[in-house]
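> Next comes the structure file model-v2.txt, holding compact mmCIF, C-alpha atoms.
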# COMPACT_ATOMS: atom_id res chain seq x y z
CA MET A 5 -5.30 -2.78 15.68
CA CYS A 6 -4.68 0.35 17.69
CA LEU A 7 -2.07 0.45 20.41
CA ALA A 8 -4.31 1.61 23.21
CA ILE A 9 -1.52 2.70 25.54
CA PRO A 10 -0.24 6.27 25.29
CA SER A 11 3.51 6.40 24.64
CA LYS A 12 6.04 8.83 26.03
CA ILE A 13 8.40 10.65 23.66
CA VAL A 14 11.98 10.25 24.86
CA LYS A 15 13.92 11.48 21.82
CA ILE A 16 13.25 13.42 18.59
CA GLU A 17 15.47 13.36 15.51
CA ASN A 18 14.52 14.62 12.02
CA GLY A 19 10.76 14.43 12.62
CA MET A 20 11.04 10.91 14.02
CA ALA A 21 10.43 10.35 17.70
CA THR A 22 11.60 7.51 19.87
CA ILE A 23 8.71 6.48 22.09
CA ASP A 24 8.74 4.40 25.22
CA VAL A 25 6.02 2.16 26.61
CA ASP A 26 7.10 0.43 29.80
CA GLY A 27 10.71 0.25 28.64
CA VAL A 28 9.96 -0.92 25.10
CA GLN A 29 11.19 1.68 22.62
CA ARG A 30 10.09 2.26 19.04
CA LYS A 31 10.44 4.86 16.32
CA THR A 32 7.39 6.92 15.46
CA SER A 33 6.78 9.58 12.84
CA LEU A 34 5.59 12.98 14.05
CA LEU A 35 4.19 14.02 10.63
CA LEU A 36 0.59 13.92 11.87
CA VAL A 37 0.96 15.91 15.09
CA GLU A 38 1.98 19.46 15.65
CA ASP A 39 4.16 20.67 18.52
CA ALA A 40 4.84 17.33 20.24
CA GLY A 41 7.99 17.48 22.34
CA ILE A 42 10.16 15.31 24.53
CA GLY A 43 8.25 14.19 27.63
CA ASP A 44 4.84 14.45 25.93
CA TYR A 45 2.51 11.44 25.77
CA VAL A 46 1.17 10.59 22.33
CA ILE A 47 -1.30 8.11 20.89
CA VAL A 48 0.50 5.99 18.34
CA HIS A 49 -0.90 3.96 15.46
CA ALA A 50 1.09 2.03 12.85
CA GLY A 51 4.28 3.99 13.39
CA PHE A 52 2.69 7.45 13.55
CA ALA A 53 1.77 9.65 16.48
CA LEU A 54 -1.89 10.65 16.00
CA HIS A 55 -2.53 12.87 19.00
CA LYS A 56 -0.66 14.61 21.77
CA ILE A 57 -2.44 14.10 25.06
CA ASP A 58 -2.99 17.33 26.90
CA GLU A 59 -2.28 16.89 30.59
CA ALA A 60 -5.24 19.05 31.66
CA ASP A 61 -7.64 17.07 29.41
CA ALA A 62 -6.31 13.84 30.89
CA MET A 63 -6.85 15.03 34.45
CA GLU A 64 -10.39 16.12 33.53
CA SER A 65 -11.11 12.70 31.96
CA LEU A 66 -9.94 11.01 35.12
CA ARG A 67 -11.97 13.31 37.33
CA ILE A 68 -15.13 12.56 35.31
CA LEU A 69 -14.50 8.81 35.52
CA LYS A 70 -13.88 8.91 39.27
CA GLU A 71 -16.98 11.01 39.79
CA ALA A 72 -19.08 8.60 37.72
CA ALA A 73 -17.66 5.63 39.61
CA ALA A 74 -18.32 7.23 43.00
CA PHE A 75 -22.04 7.53 42.21
CA VAL A 76 -23.10 4.33 43.99
CA GLU A 77 -20.98 4.95 47.02
CA LYS A 78 -22.43 8.45 47.41
CA ARG A 79 -25.95 7.19 46.92
CA GLY A 80 -25.29 4.51 49.54
CA GLN A 81 -24.15 7.14 51.99
CA ASP A 82 -27.17 9.32 51.26
CA ASN A 83 -29.44 6.37 52.07
CA ILE A 84 -27.68 5.86 55.38
CA GLU A 85 -27.91 9.55 56.22
CA SER A 86 -31.60 9.80 55.34
CA SER A 87 -32.61 6.66 57.26
CA MET B 15 1.19 15.22 39.77
CA THR B 16 2.44 13.66 36.57
CA ILE B 17 -0.16 11.50 34.93
CA LYS B 18 1.06 8.36 33.14
CA HIS B 19 -2.19 7.81 31.24
CA MET B 20 -2.49 4.14 32.07
CA GLU B 21 -2.40 3.01 35.72
CA GLU B 22 -4.76 5.82 36.69
CA TYR B 23 -7.53 4.32 34.56
CA ARG B 24 -6.87 0.83 35.89
CA ASP B 25 -7.84 1.67 39.43
CA ALA B 26 -10.17 -1.23 40.28
CA GLU B 27 -12.37 1.09 42.31
CA ILE B 28 -13.32 3.04 39.19
CA SER B 29 -14.41 -0.05 37.28
CA ARG B 30 -16.20 -1.49 40.31
CA GLY B 31 -18.11 1.75 40.79
CA LEU B 32 -19.09 1.91 37.13
CA VAL B 33 -20.29 -1.71 37.09
CA GLU B 34 -22.42 -1.01 40.18
CA LYS B 35 -23.83 2.08 38.53
CA ILE B 36 -24.72 0.16 35.36
CA ARG B 37 -26.34 -2.62 37.40
CA ALA B 38 -28.34 -0.09 39.40
CA SER B 39 -29.65 1.81 36.40
CA SER B 40 -30.26 -0.82 33.70
CA THR B 41 -33.84 -2.09 33.55
CA ARG B 42 -34.56 -2.44 29.80
CA LYS B 43 -33.15 -5.18 27.58
CA ILE B 44 -30.76 -3.43 25.24
CA ARG B 45 -28.24 -4.24 22.49
CA LEU B 46 -25.10 -2.10 22.36
CA MET B 47 -22.67 -2.34 19.46
CA GLU B 48 -19.00 -1.43 19.28
CA VAL B 49 -17.46 -0.77 15.88
CA CYS B 50 -13.77 -1.09 16.61
CA GLY B 51 -11.55 -4.17 16.62
CA THR B 52 -9.58 -2.87 19.58
CA HIS B 53 -12.80 -2.51 21.58
CA THR B 54 -13.77 -6.08 20.62
CA VAL B 55 -10.51 -7.41 22.01
CA SER B 56 -10.50 -5.15 25.08
CA ILE B 57 -14.06 -6.22 26.00
CA PHE B 58 -13.11 -9.91 25.78
CA ARG B 59 -9.76 -9.57 27.49
CA SER B 60 -11.16 -7.64 30.44
CA GLY B 61 -14.18 -9.90 30.90
CA ILE B 62 -16.59 -6.95 30.81
CA ARG B 63 -19.43 -9.12 29.46
CA SER B 64 -19.43 -11.26 32.59
CA LEU B 65 -19.75 -8.17 34.80
CA LEU B 66 -22.76 -6.70 33.02
CA PRO B 67 -26.37 -7.45 33.96
CA ASP B 68 -28.39 -9.79 31.71
CA THR B 69 -30.25 -6.80 30.33
CA ILE B 70 -27.22 -5.68 28.28
CA SER B 71 -26.01 -7.51 25.16
CA LEU B 72 -22.75 -6.37 23.60
CA LEU B 73 -22.39 -6.84 19.84
CA SER B 74 -19.36 -6.40 17.62
CA GLY B 75 -20.07 -4.43 14.46
CA PRO B 76 -18.04 -3.85 11.31
CA GLY B 77 -15.01 -2.51 13.18
CA CYS B 78 -12.29 -4.88 12.03
CA PRO B 79 -10.80 -3.46 8.80
CA VAL B 80 -9.55 -6.78 7.46
CA CYS B 81 -12.93 -8.40 8.15
CA VAL B 82 -14.90 -5.83 6.15
CA THR B 83 -12.53 -5.93 3.18
CA ASP B 84 -14.41 -7.19 0.15
CA GLN B 85 -13.46 -10.59 -1.25
CA LYS B 86 -12.68 -8.96 -4.63
CA GLU B 87 -10.11 -6.70 -2.99
CA ILE B 88 -8.45 -9.66 -1.26
CA ASP B 89 -8.24 -11.35 -4.68
CA ALA B 90 -6.80 -8.15 -6.18
CA PHE B 91 -4.11 -8.04 -3.45
CA ILE B 92 -3.14 -11.60 -4.33
CA ALA B 93 -3.07 -10.78 -8.05
CA LEU B 94 -0.74 -7.85 -7.30
CA ALA B 95 1.69 -10.14 -5.49
CA ARG B 96 2.13 -12.16 -8.68
CA PHE B 97 3.35 -9.24 -10.82
CA LYS B 98 7.01 -9.42 -11.83
CA ASP B 99 9.39 -7.29 -9.75
CA VAL B 100 6.74 -6.44 -7.17
CA ILE B 101 7.50 -6.46 -3.46
CA LEU B 102 4.11 -6.45 -1.77
CA THR B 103 4.06 -4.85 1.68
CA THR B 104 1.25 -5.18 4.18
CA PHE B 105 0.32 -5.17 7.85
CA GLY B 106 0.41 -8.70 9.24
CA ASP B 107 -3.27 -9.43 9.70
CA LEU B 108 -3.98 -9.60 5.95
CA MET B 109 -1.56 -12.45 5.32
CA ARG B 110 -3.86 -15.35 6.19
CA VAL B 111 -7.16 -13.95 4.92
CA PRO B 112 -8.43 -16.47 2.37
CA GLY B 113 -9.06 -15.14 -1.11
CA THR B 114 -11.22 -17.10 -3.51
CA GLU B 115 -8.44 -19.60 -4.22
CA THR B 116 -5.42 -18.76 -2.13
CA SER B 117 -4.03 -16.32 0.45
CA LEU B 118 -1.07 -13.95 0.62
CA GLN B 119 0.63 -16.36 3.00
CA LYS B 120 0.29 -19.23 0.52
CA GLU B 121 1.52 -17.00 -2.31
CA LYS B 122 4.55 -16.08 -0.22
CA ALA B 123 5.30 -19.77 0.28
CA GLU B 124 5.02 -20.18 -3.50
CA GLY B 125 7.75 -17.58 -3.96
CA CYS B 126 6.00 -14.19 -4.21
CA ASP B 127 7.89 -11.42 -2.40
CA ILE B 128 5.46 -10.32 0.30
CA ARG B 129 6.70 -8.55 3.40
CA VAL B 130 4.95 -7.65 6.62
CA VAL B 131 5.78 -4.12 7.76
CA TYR B 132 5.08 -2.25 10.98
CA SER B 133 4.58 1.13 9.30
CA THR B 134 4.11 2.51 5.78
CA MET B 135 7.46 4.24 6.28
CA ASP B 136 9.09 0.77 6.28
CA ALA B 137 7.66 0.34 2.76
CA ILE B 138 9.16 3.70 1.75
CA ASP B 139 12.54 2.48 3.06
CA LEU B 140 12.21 -0.64 0.90
CA ALA B 141 11.47 1.54 -2.16
CA VAL B 142 14.71 3.44 -1.52
CA LYS B 143 16.67 0.27 -0.92
CA TYR B 144 15.41 -1.59 -4.01
CA PRO B 145 15.07 0.98 -6.85
CA GLU B 146 14.78 -1.84 -9.42
CA LYS B 147 11.71 -3.26 -7.65
CA LYS B 148 8.15 -1.96 -7.43
CA ILE B 149 7.03 -1.60 -3.84
CA VAL B 150 3.26 -1.86 -3.38
CA PHE B 151 1.58 -1.24 -0.03
CA LEU B 152 -1.85 -2.67 0.75
CA GLY B 153 -3.83 0.14 2.38
CA VAL B 154 -6.47 -1.44 4.59
CA GLY B 155 -7.94 0.41 7.53
CA PHE B 156 -10.25 3.17 8.68
CA GLU B 157 -9.64 6.87 9.33
CA THR B 158 -6.99 5.97 11.91
CA THR B 159 -4.74 4.20 9.42
CA ALA B 160 -5.52 6.18 6.25
CA PRO B 161 -3.58 9.34 7.30
CA THR B 162 -0.45 7.24 7.90
CA ILE B 163 -0.74 5.91 4.36
CA ALA B 164 -1.46 9.39 2.99
CA ALA B 165 1.70 10.59 4.74
CA ALA B 166 3.70 7.83 3.02
CA ILE B 167 2.28 8.75 -0.41
CA GLN B 168 3.10 12.43 0.11
CA THR B 169 6.58 11.50 1.35
CA ALA B 170 7.14 9.34 -1.76
CA LYS B 171 6.09 12.32 -3.88
CA GLN B 172 8.50 14.66 -2.09
CA MET B 173 11.29 12.13 -2.51
CA ASN B 174 10.44 11.67 -6.22
CA LEU B 175 10.18 7.91 -5.69
CA ASN B 176 8.85 6.26 -8.84
CA ASN B 177 8.66 2.71 -7.51
CA PHE B 178 6.17 3.10 -4.64
CA SER B 179 2.41 2.73 -4.88
CA VAL B 180 -0.57 1.94 -2.69
CA PHE B 181 -3.74 -0.09 -3.27
CA SER B 182 -6.17 1.97 -1.25
CA ALA B 183 -8.97 -0.09 0.27
CA HIS B 184 -9.52 2.41 3.09
CA LYS B 185 -12.95 2.88 4.54
CA THR B 186 -14.72 5.46 6.66
CA VAL B 187 -16.81 4.64 9.71
CA PRO B 188 -19.69 7.19 9.83
CA PRO B 189 -21.24 6.12 6.48
CA ALA B 190 -21.09 2.49 7.64
CA LEU B 191 -23.09 3.38 10.76
CA LYS B 192 -25.76 4.94 8.54
CA ALA B 193 -25.79 1.90 6.25
CA LEU B 194 -26.04 -0.44 9.22
CA MET B 195 -28.98 1.39 10.78
CA SER B 196 -30.74 1.46 7.39
CA MET B 197 -30.59 -2.35 7.04
CA GLU B 198 -33.56 -4.54 7.80
CA ASN B 199 -33.32 -6.91 10.79
CA ILE B 200 -30.85 -4.66 12.58
CA ARG B 201 -31.59 -3.73 16.15
CA VAL B 202 -28.98 -1.63 17.87
CA ASP B 203 -30.02 0.52 20.83
CA GLY B 204 -26.70 2.30 21.26
CA PHE B 205 -23.24 2.61 19.75
CA ILE B 206 -19.87 2.54 21.49
CA LEU B 207 -18.02 4.64 18.92
CA PRO B 208 -14.38 3.88 18.07
CA GLY B 209 -11.67 5.70 20.01
CA HIS B 210 -8.86 6.25 17.57
CA VAL B 211 -10.99 6.74 14.47
CA SER B 212 -12.54 9.55 16.49
CA VAL B 213 -9.11 10.99 17.36
CA ILE B 214 -8.79 11.73 13.63
CA VAL B 215 -12.35 12.59 12.58
CA GLY B 216 -13.53 14.24 15.81
CA ARG B 217 -16.91 14.00 17.50
CA ASP B 218 -18.60 16.29 14.97
CA ALA B 219 -18.05 13.79 12.14
CA TYR B 220 -20.84 11.63 13.62
CA THR B 221 -23.33 14.49 13.86
CA PRO B 222 -25.09 13.81 10.50
CA PHE B 223 -25.49 10.13 11.47
CA PHE B 224 -26.74 11.01 14.92
CA GLU B 225 -29.15 13.66 13.65
CA GLN B 226 -30.65 11.17 11.20
CA PHE B 227 -31.11 8.18 13.51
CA ARG B 228 -31.01 9.61 17.06
CA THR B 229 -29.34 6.41 18.25
CA PRO B 230 -27.50 6.94 21.55
CA SER B 231 -23.78 7.10 20.73
CA VAL B 232 -20.72 7.47 22.95
CA ILE B 233 -17.07 7.70 21.88
CA ALA B 234 -15.00 5.44 24.13
CA GLY B 235 -11.36 4.87 25.00
CA PHE B 236 -9.81 1.43 25.40
CA GLU B 237 -9.25 0.87 29.10
CA PRO B 238 -11.98 -1.26 30.72
CA ALA B 239 -13.00 1.81 32.75
CA ASP B 240 -13.40 3.81 29.53
CA ILE B 241 -15.65 1.15 28.01
CA LEU B 242 -17.69 0.78 31.21
CA GLN B 243 -18.13 4.55 31.36
CA ALA B 244 -19.44 4.54 27.75
CA ILE B 245 -21.83 1.68 28.56
CA SER B 246 -23.00 3.52 31.67
CA LEU B 247 -23.70 6.69 29.68
CA LEU B 248 -25.54 4.70 26.99
CA VAL B 249 -27.69 2.98 29.61
CA MET B 250 -28.58 6.35 31.15
CA GLN B 251 -29.45 7.83 27.74
CA ILE B 252 -31.65 4.86 26.86
CA GLU B 253 -33.34 4.59 30.27
CA THR B 254 -34.18 8.31 30.31
CA GLY B 255 -35.14 8.43 26.63
CA SER B 256 -32.64 11.20 25.92
CA PRO B 257 -30.28 10.13 23.14
CA GLU B 258 -27.03 12.02 22.79
CA LEU B 259 -23.81 12.00 20.82
CA ALA B 260 -21.32 12.03 23.68
CA ASN B 261 -17.56 11.89 24.00
CA ALA B 262 -16.26 9.79 26.88
CA TYR B 263 -12.69 9.83 25.58
CA GLY B 264 -12.03 13.51 26.11
CA ARG B 265 -8.33 13.07 26.74
CA ALA B 266 -7.83 11.97 23.14
CA VAL B 267 -10.83 13.09 21.11
CA THR B 268 -11.84 16.66 20.29
CA ASP B 269 -14.92 17.93 18.45
CA LYS B 270 -12.97 18.69 15.30
CA GLY B 271 -10.42 15.84 15.24
CA ASN B 272 -6.84 16.07 14.03
CA PRO B 273 -6.66 18.90 11.45
CA THR B 274 -3.22 17.89 10.12
CA ALA B 275 -4.43 14.38 9.42
CA GLU B 276 -7.72 15.59 7.92
CA ARG B 277 -5.85 17.93 5.55
CA LEU B 278 -3.56 15.11 4.49
CA LEU B 279 -6.57 12.86 3.82
CA GLN B 280 -8.19 15.54 1.67
CA ASP B 281 -4.98 16.14 -0.29
CA THR B 282 -4.49 12.44 -0.95
CA PHE B 283 -7.84 10.70 -1.22
CA LYS B 284 -11.16 11.10 -2.94
CA ILE B 285 -14.34 9.78 -1.33
CA LYS B 286 -15.97 6.97 -3.36
CA ASP B 287 -18.74 4.41 -3.01
CA VAL B 288 -17.15 1.08 -2.09
CA ALA B 289 -18.21 -2.45 -1.19
CA TRP B 290 -17.93 -3.80 2.35
CA ARG B 291 -18.12 -7.46 3.21
CA GLY B 292 -21.45 -8.06 4.89
CA LEU B 293 -22.83 -4.61 4.16
CA GLY B 294 -22.64 -4.28 0.36
CA VAL B 295 -21.82 -1.02 -1.42
CA ILE B 296 -21.98 1.95 0.97
CA PRO B 297 -22.18 5.43 -0.58
CA GLY B 298 -19.26 7.70 0.25
CA SER B 299 -17.51 5.16 2.46
CA GLY B 300 -14.23 4.55 0.62
CA MET B 301 -11.02 6.50 0.17
CA LYS B 302 -9.37 6.13 -3.23
CA ILE B 303 -6.19 7.92 -4.32
CA ASN B 304 -6.66 11.30 -6.02
CA ALA B 305 -6.17 11.35 -9.80
CA ASP B 306 -3.24 13.79 -9.55
CA LEU B 307 -1.40 11.20 -7.45
CA GLY B 308 -2.07 8.45 -10.00
CA ALA B 309 1.63 7.57 -10.10
CA TYR B 310 1.26 6.27 -6.53
CA ASP B 311 -2.01 4.42 -7.14
CA ALA B 312 -1.45 0.69 -7.61
CA GLU B 313 -4.92 0.32 -9.12
CA ARG B 314 -3.82 2.63 -11.96
CA GLN B 315 -0.25 1.37 -12.22
CA PHE B 316 -1.07 -2.33 -12.57
CA ALA B 317 -3.60 -3.98 -14.86
CA ILE B 318 -5.11 -6.12 -12.14
CA GLU B 319 -7.45 -8.77 -13.48
CA ILE B 320 -9.54 -10.72 -11.06
CA PRO B 321 -12.08 -13.37 -11.90
CA ALA B 322 -15.58 -13.19 -10.43
CA SER B 323 -15.53 -14.19 -6.79
CA GLU B 324 -17.91 -15.25 -4.09
CA ASP B 325 -17.75 -15.06 -0.34
CA PRO B 326 -16.81 -18.44 1.15
CA LYS B 327 -19.79 -20.85 1.15
CA GLY B 328 -21.56 -21.23 4.47
CA CYS B 329 -19.50 -18.46 6.09
CA ALA B 330 -21.65 -16.12 8.16
CA CYS B 331 -19.07 -13.29 8.38
CA GLY B 332 -21.51 -10.83 6.83
CA GLU B 333 -24.20 -11.51 9.43
CA ILE B 334 -21.64 -11.54 12.24
CA LEU B 335 -20.25 -8.15 11.16
CA THR B 336 -23.72 -6.66 11.37
CA GLY B 337 -24.59 -8.23 14.73
CA ILE B 338 -27.38 -10.36 13.26
CA LYS B 339 -25.61 -13.58 14.24
CA LYS B 340 -23.18 -14.55 16.97
CA PRO B 341 -20.15 -16.64 15.89
CA PHE B 342 -21.50 -19.87 17.41
CA GLU B 343 -24.60 -19.51 15.21
CA CYS B 344 -22.41 -19.99 12.11
CA PRO B 345 -22.33 -23.65 11.00
CA LEU B 346 -18.60 -23.39 10.21
CA TYR B 347 -17.54 -21.95 13.58
CA LYS B 348 -15.11 -24.29 15.33
CA THR B 349 -15.87 -27.02 12.80
CA ARG B 350 -14.43 -26.14 9.40
CA CYS B 351 -13.36 -22.64 10.50
CA THR B 352 -10.73 -22.23 13.22
CA PRO B 353 -7.90 -19.71 13.74
CA MET B 354 -5.44 -22.36 12.46
CA ASP B 355 -7.45 -22.93 9.30
CA PRO B 356 -9.82 -19.97 8.86
CA VAL B 357 -12.57 -19.90 6.23
CA GLY B 358 -13.68 -16.31 6.73
CA PRO B 359 -11.83 -13.12 7.68
CA CYS B 360 -13.60 -12.77 11.04
CA MET B 361 -11.65 -15.83 12.19
CA VAL B 362 -8.32 -14.59 10.79
CA SER B 363 -7.71 -11.18 12.25
CA GLY B 364 -6.82 -11.02 15.94
CA GLU B 365 -9.58 -8.45 16.25
CA GLY B 366 -12.14 -10.41 14.27
CA THR B 367 -15.26 -11.31 16.26
CA CYS B 368 -14.96 -15.05 15.57
CA ALA B 369 -11.27 -15.16 16.50
CA ALA B 370 -11.99 -13.26 19.72
CA TYR B 371 -14.88 -15.63 20.61
CA TYR B 372 -12.68 -18.63 19.85
CA LYS B 373 -9.85 -17.36 22.03
CA TYR B 374 -11.83 -16.11 25.00
CA HIS B 375 -15.04 -18.19 25.00
CA GLY B 376 -13.42 -21.49 23.97
Show the structure stored in the file as structure tokens.

Amino acid sequence: MCLAIPSKIVKIENGMATIDVDGVQRKTSLLLVEDAGIGDYVIVHAGFALHKIDEADAMESLRILKEAAAFVEKRGQDNIESS
Amino acid sequence: MTIKHMEEYRDAEISRGLVEKIRASSTRKIRLMEVCGTHTVSIFRSGIRSLLPDTISLLSGPGCPVCVTDQKEIDAFIALARFKDVILTTFGDLMRVPGTETSLQKEKAEGCDIRVVYSTMDAIDLAVKYPEKKIVFLGVGFETTAPTIAAAIQTAKQMNLNNFSVFSAHKTVPPALKALMSMENIRVDGFILPGHVSVIVGRDAYTPFFEQFRTPSVIAGFEPADILQAISLLVMQIETGSPELANAYGRAVTDKGNPTAERLLQDTFKIKDVAWRGLGVIPGSGMKINADLGAYDAERQFAIEIPASEDPKGCACGEILTGIKKPFECPLYKTRCTPMDPVGPCMVSGEGTCAAYYKYHG
């Protein structure tokens, strides 16, 4: 099963990173990702980082979600304004 | 602002808004299927089903790797454990899966050396530590797990380890989607595509499937808001009659996937036709170890003999994995088959549909 929570890299030694999720630390191999550094958030599966999360992509994801979620509220307001 | 990639997606307002949106736009009765064990568990844990309108049914497809592993392979794993000097290494969820006569857990109790590891690299460490033993890793999983096993095989090669091998039972998701949609009696109106498989393969890997079937498909992350967003997009596509292959997990999934992992997969595995529990043999859906890496292929290194096997009698795992039946429609569910004493793999794995129903539905 996939660990769904992105993990923060706090240390790197010989291609192995120490990752932290809410204070729980684990070792993770960086063999499958390029250019991940300390402070980056990575998606981890079975002891390997699979993807470095790009901060700009994450902000865009969040913006899309918030916009989608605000749909009803906006529509509600439109109804009030047009009535 | 520094984003922590977790709390932000758990803002209740986002989920509330998405639920409202789904409720406002869903008019047709539809069946949506996820094909990822982590989605199965996330949907149950978050109670998403109870928030959705009656028009939407959520089904769990063949997304739990242990559950789709063929009975013959389970029997082969058990046969491997019995070889002299073998230390069998595996992820934990395989231990209790019943083979035709026994399970890895029972074999361990009988004295076989079977160890649960967190990562394939733990198995490599064992190979270094015990040069007189043969360390065999059981490779079960989809495109998410397969690169981690490929990395271990390539590491073993670099280290000149001659006592490490893998039984590769890895499977790929896109061919299974095709096989599923080609089956009779299957009605799926939209797919919630797996998040971390997609991190590796990328959105484009589903294009041939989508082009062939035009079934609405959305790649989703694992937070409740991610799943609700995918459901909302699927509802919109279905209601407006405009199917798309969309990516709602943009922070993790690109069009092309992870090129390092893809290269490693190509260098290590060959695509083969393999059998899935519940779906039969699916063309091009298995990853077997390349011939030039035969020294690391447990299927070549050990003369594994397994007698003919059958799926457990009365067990509806196959129909549950394809969404034809719900767990409570299986005669064994909660009677002969419970998480304490499972008959079929769907009740064993924490991400199996039956186990999830048992835990969260009671």
> B:Ala234, B:Ala160, B:Ala90, B:Val33: which is nearest Cys50 (chain B), counting all atoms listed in the file?
B:Ala234
> Kindly provide, as lines of an AutoDock Vina configuration file, the centre and edge lengths (Å, one decimal) of an axis-aligned box around all atoms of region 59-67 of chain A given in the file, with 8 Å on each side.

center_x = -7.1
center_y = 15.0
center_z = 33.4
size_x = 25.7
size_y = 24.0
size_z = 23.9
> As an exercise, work out the distance from CA of Ser11 (chain A) to CA of Arg110 (chain B) in Å and give it to one decimal place.
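Separation between CA of Ser11 (chain A) and CA of Arg110 (chain B): 29.5 Å.
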> Enter the distance from CA of Ser246 (chain B) to CA of Arg201 (chain B), in Å, rounded to one decimal.
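If I compute the distance from CA of Ser246 (chain B) to CA of Arg201 (chain B), I get 19.2 Å.
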> I need the chain A residues near chain B as an MDAnalysis selection string; criterion: at most 10 Å, counting all atoms listed in the file.
chainID A and resid 5:12 31:33 35:38 45:66 68:77
> Go ahead and write the selection's residues with C-alpha atoms as a short mmCIF file (atom, residue, chain, number, x, y, z; two decimals), in the frame of the given file.

data_model
loop_
_atom_site.label_atom_id
_atom_site.label_comp_id
_atom_site.auth_asym_id
_atom_site.auth_seq_id
_atom_site.Cartn_x
_atom_site.Cartn_y
_atom_site.Cartn_z
CA MET A 5 -5.30 -2.78 15.68
CA CYS A 6 -4.68 0.35 17.69
CA LEU A 7 -2.07 0.45 20.41
CA ALA A 8 -4.31 1.61 23.21
CA ILE A 9 -1.52 2.70 25.54
CA PRO A 10 -0.24 6.27 25.29
CA SER A 11 3.51 6.40 24.64
CA LYS A 12 6.04 8.83 26.03
CA LYS A 31 10.44 4.86 16.32
CA THR A 32 7.39 6.92 15.46
CA SER A 33 6.78 9.58 12.84
CA LEU A 35 4.19 14.02 10.63
CA LEU A 36 0.59 13.92 11.87
CA VAL A 37 0.96 15.91 15.09
CA GLU A 38 1.98 19.46 15.65
CA TYR A 45 2.51 11.44 25.77
CA VAL A 46 1.17 10.59 22.33
CA ILE A 47 -1.30 8.11 20.89
CA VAL A 48 0.50 5.99 18.34
CA HIS A 49 -0.90 3.96 15.46
CA ALA A 50 1.09 2.03 12.85
CA GLY A 51 4.28 3.99 13.39
CA PHE A 52 2.69 7.45 13.55
CA ALA A 53 1.77 9.65 16.48
CA LEU A 54 -1.89 10.65 16.00
CA HIS A 55 -2.53 12.87 19.00
CA LYS A 56 -0.66 14.61 21.77
CA ILE A 57 -2.44 14.10 25.06
CA ASP A 58 -2.99 17.33 26.90
CA GLU A 59 -2.28 16.89 30.59
CA ALA A 60 -5.24 19.05 31.66
CA ASP A 61 -7.64 17.07 29.41
CA ALA A 62 -6.31 13.84 30.89
CA MET A 63 -6.85 15.03 34.45
CA GLU A 64 -10.39 16.12 33.53
CA SER A 65 -11.11 12.70 31.96
CA LEU A 66 -9.94 11.01 35.12
CA ILE A 68 -15.13 12.56 35.31
CA LEU A 69 -14.50 8.81 35.52
CA LYS A 70 -13.88 8.91 39.27
CA GLU A 71 -16.98 11.01 39.79
CA ALA A 72 -19.08 8.60 37.72
CA ALA A 73 -17.66 5.63 39.61
CA ALA A 74 -18.32 7.23 43.00
CA PHE A 75 -22.04 7.53 42.21
CA VAL A 76 -23.10 4.33 43.99
CA GLU A 77 -20.98 4.95 47.02
#
> Between CA of Ile138 (chain B) and CA of Met20 (chain A), what distance in Å does the model show, to one decimal?
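For CA of Ile138 (chain B) relative to CA of Met20 (chain A), the distance reads 14.4 Å.
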> With a distance cut-off of 10 Å and all atoms listed in the file, select the neighbouring residues of Lys302 (chain B), excluding the residue or stretch itself and same-chain residues fewer than 2 positions from it, and output the selection as a list in words.
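Residues meeting the cut-off are Gly153, Val180, Phe181, Ser182, Ala183, His184, Lys185, Thr282, Phe283, Lys284, Ile285, Lys286, Asp287, Val288, Ser299, Gly300, Asn304, Ala305, Asp311 and Glu313 of chain B.
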> Got time to write the residues from that selection, C-alpha atoms, as a short mmCIF file (atom, residue, chain, number, x, y, z; two decimals), keeping the file's coordinate frame?

data_model
loop_
_atom_site.label_atom_id
_atom_site.label_comp_id
_atom_site.auth_asym_id
_atom_site.auth_seq_id
_atom_site.Cartn_x
_atom_site.Cartn_y
_atom_site.Cartn_z
CA GLY B 153 -3.83 0.14 2.38
CA VAL B 180 -0.57 1.94 -2.69
CA PHE B 181 -3.74 -0.09 -3.27
CA SER B 182 -6.17 1.97 -1.25
CA ALA B 183 -8.97 -0.09 0.27
CA HIS B 184 -9.52 2.41 3.09
CA LYS B 185 -12.95 2.88 4.54
CA THR B 282 -4.49 12.44 -0.95
CA PHE B 283 -7.84 10.70 -1.22
CA LYS B 284 -11.16 11.10 -2.94
CA ILE B 285 -14.34 9.78 -1.33
CA LYS B 286 -15.97 6.97 -3.36
CA ASP B 287 -18.74 4.41 -3.01
CA VAL B 288 -17.15 1.08 -2.09
CA SER B 299 -17.51 5.16 2.46
CA GLY B 300 -14.23 4.55 0.62
CA ASN B 304 -6.66 11.30 -6.02
CA ALA B 305 -6.17 11.35 -9.80
CA ASP B 311 -2.01 4.42 -7.14
CA GLU B 313 -4.92 0.32 -9.12
#
